[in-house]
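Everything below concerns the one structure shown next.
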Amino acid sequence: MHQKRSKIRYDCETKILSIRLTSNKSVDSDVYDNVVVDYDMQGKPVNIDIMAFSIADFRRIPNPKKLIGAAT
């Protein structure tokens, strides 16, 4: 069994935010608009890629914690 190793990376050139949730191997993916979710053999998410993510745009949100709280 693989251990959990969360890792967040941002590529400024491609504007892709990658969130690696576990070290499990990806075997399937779903695409939702500009978001790609990769899944392991058990159907659990292992990686999330957000395309065209701009740190500058994110910083313009007046209260990002409130926005995140409203989505949950």
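By order of appearance in the structure tokens: chains A, B, ..., then residues from 1 within every chain, and ligands from 1 in the order shown.
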Check segment 6-70 of chain A with DSSP on the backbone and list each residue it calls helix (DSSP H, G or I), as a ChimeraX atom specification. /A:55-59,64-70
Would you put the residues from that selection into a file with C-alpha atoms, as a compact mmCIF listing (two decimals), in the first residue's frame?
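Contents of part-v5.txt, freshly written:
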# COMPACT_ATOMS: atom_id res chain seq x y z
CA ILE A 55 -2.14 33.17 -8.83
CA ALA A 56 -2.72 36.86 -9.64
CA ASP A 57 -6.44 36.21 -10.25
CA PHE A 58 -6.67 34.21 -7.01
CA ARG A 59 -5.08 37.08 -5.06
CA PRO A 64 -10.71 33.52 -0.42
CA LYS A 65 -11.34 31.72 2.91
CA LYS A 66 -14.98 32.83 2.80
CA LEU A 67 -15.28 31.64 -0.81
CA ILE A 68 -13.80 28.23 0.04
CA GLY A 69 -16.08 27.91 3.08
CA ALA A 70 -19.15 28.66 0.95
Neighbouring residues of Lys15 of chain A were defined as those with any atom within 8 Å, considering only C-alpha atoms; residues of the same chain fewer than 5 positions away were excluded. Please report them as a list in words.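 So, after excluding close chain neighbours, the residues are Tyr10, Met51, Ala52, Phe53 and Ser54 of chain A.
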Atom pair atom CA of Lys44 of chain A + atom CA of Arg9 of chain A, distance 20.2 Å
Selection near Val37 of chain A, 9 Å with only C-alpha atoms, sequence-local residues under 6 positions removed, as a PyMOL selection string:
chain A and resi 28-31+45-50
Just N, CA, C and O atoms for this one: save the residues we selected as a PDB file, in the first residue's frame.
ATOM      1  N   ASP A  28      -6.878   6.225 -14.455  1.00  0.00           N
ATOM      2  CA  ASP A  28      -8.036   6.778 -15.150  1.00  0.00           C
ATOM      3  C   ASP A  28      -8.126   8.267 -14.842  1.00  0.00           C
ATOM      4  O   ASP A  28      -7.611   8.724 -13.820  1.00  0.00           O
ATOM      5  N   SER A  29      -8.786   9.005 -15.709  1.00  0.00           N
ATOM      6  CA  SER A  29      -8.924  10.449 -15.518  1.00  0.00           C
ATOM      7  C   SER A  29     -10.298  10.914 -15.953  1.00  0.00           C
ATOM      8  O   SER A  29     -10.916  10.327 -16.845  1.00  0.00           O
ATOM      9  N   ASP A  30     -10.766  11.980 -15.338  1.00  0.00           N
ATOM     10  CA  ASP A  30     -11.972  12.690 -15.758  1.00  0.00           C
ATOM     11  C   ASP A  30     -11.594  14.143 -15.973  1.00  0.00           C
ATOM     12  O   ASP A  30     -10.771  14.691 -15.239  1.00  0.00           O
ATOM     13  N   VAL A  31     -12.223  14.764 -16.977  1.00  0.00           N
ATOM     14  CA  VAL A  31     -11.974  16.175 -17.273  1.00  0.00           C
ATOM     15  C   VAL A  31     -13.261  16.946 -17.042  1.00  0.00           C
ATOM     16  O   VAL A  31     -14.322  16.574 -17.554  1.00  0.00           O
ATOM     17  N   PRO A  45      -9.235   9.552  -5.946  1.00  0.00           N
ATOM     18  CA  PRO A  45      -8.429  10.581  -6.605  1.00  0.00           C
ATOM     19  C   PRO A  45      -6.981  10.565  -6.121  1.00  0.00           C
ATOM     20  O   PRO A  45      -6.727  10.429  -4.928  1.00  0.00           O
ATOM     21  N   VAL A  46      -6.060  10.666  -7.068  1.00  0.00           N
ATOM     22  CA  VAL A  46      -4.635  10.694  -6.729  1.00  0.00           C
ATOM     23  C   VAL A  46      -3.980  12.016  -7.125  1.00  0.00           C
ATOM     24  O   VAL A  46      -2.959  12.390  -6.567  1.00  0.00           O
ATOM     25  N   ASN A  47      -4.579  12.709  -8.088  1.00  0.00           N
ATOM     26  CA  ASN A  47      -3.992  13.965  -8.566  1.00  0.00           C
ATOM     27  C   ASN A  47      -5.081  14.856  -9.145  1.00  0.00           C
ATOM     28  O   ASN A  47      -6.028  14.362  -9.759  1.00  0.00           O
ATOM     29  N   ILE A  48      -4.931  16.168  -8.938  1.00  0.00           N
ATOM     30  CA  ILE A  48      -5.846  17.149  -9.514  1.00  0.00           C
ATOM     31  C   ILE A  48      -5.002  18.206 -10.212  1.00  0.00           C
ATOM     32  O   ILE A  48      -4.091  18.769  -9.606  1.00  0.00           O
ATOM     33  N   ASP A  49      -5.306  18.455 -11.484  1.00  0.00           N
ATOM     34  CA  ASP A  49      -4.631  19.510 -12.248  1.00  0.00           C
ATOM     35  C   ASP A  49      -5.665  20.566 -12.607  1.00  0.00           C
ATOM     36  O   ASP A  49      -6.726  20.244 -13.156  1.00  0.00           O
ATOM     37  N   ILE A  50      -5.355  21.820 -12.306  1.00  0.00           N
ATOM     38  CA  ILE A  50      -6.227  22.929 -12.674  1.00  0.00           C
ATOM     39  C   ILE A  50      -5.489  23.736 -13.731  1.00  0.00           C
ATOM     40  O   ILE A  50      -4.439  24.318 -13.453  1.00  0.00           O
TER      41      ILE A  50
END
May I have the residues within 6 Å of segment 40-42 of chain A as a list in words, using only C-alpha atoms and disregarding those fewer than 2 positions away in the same chain?
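Those residues are Lys25, Ser26, Val27 and Lys44 of chain A.
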Those same residues - N, CA, C and O atoms - I'd like them written as a short mmCIF file (atom, residue, chain, number, x, y, z; two decimals), in the first residue's frame.
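Okay, this is what ended up in selection_34.cif:
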data_model
loop_
_atom_site.label_atom_id
_atom_site.label_comp_id
_atom_site.auth_asym_id
_atom_site.auth_seq_id
_atom_site.Cartn_x
_atom_site.Cartn_y
_atom_site.Cartn_z
N LYS A 25 -0.50 5.11 -8.27
CA LYS A 25 -0.44 5.24 -9.73
C LYS A 25 -1.82 5.61 -10.28
O LYS A 25 -2.84 5.05 -9.89
N SER A 26 -1.83 6.54 -11.22
CA SER A 26 -3.06 6.96 -11.89
C SER A 26 -3.39 5.97 -13.01
O SER A 26 -2.52 5.63 -13.82
N VAL A 27 -4.65 5.53 -13.06
CA VAL A 27 -5.07 4.60 -14.11
C VAL A 27 -6.25 5.13 -14.92
O VAL A 27 -6.61 4.56 -15.95
N LYS A 44 -10.09 6.09 -6.30
CA LYS A 44 -9.83 7.22 -5.42
C LYS A 44 -8.97 8.25 -6.14
O LYS A 44 -8.05 7.89 -6.88
#
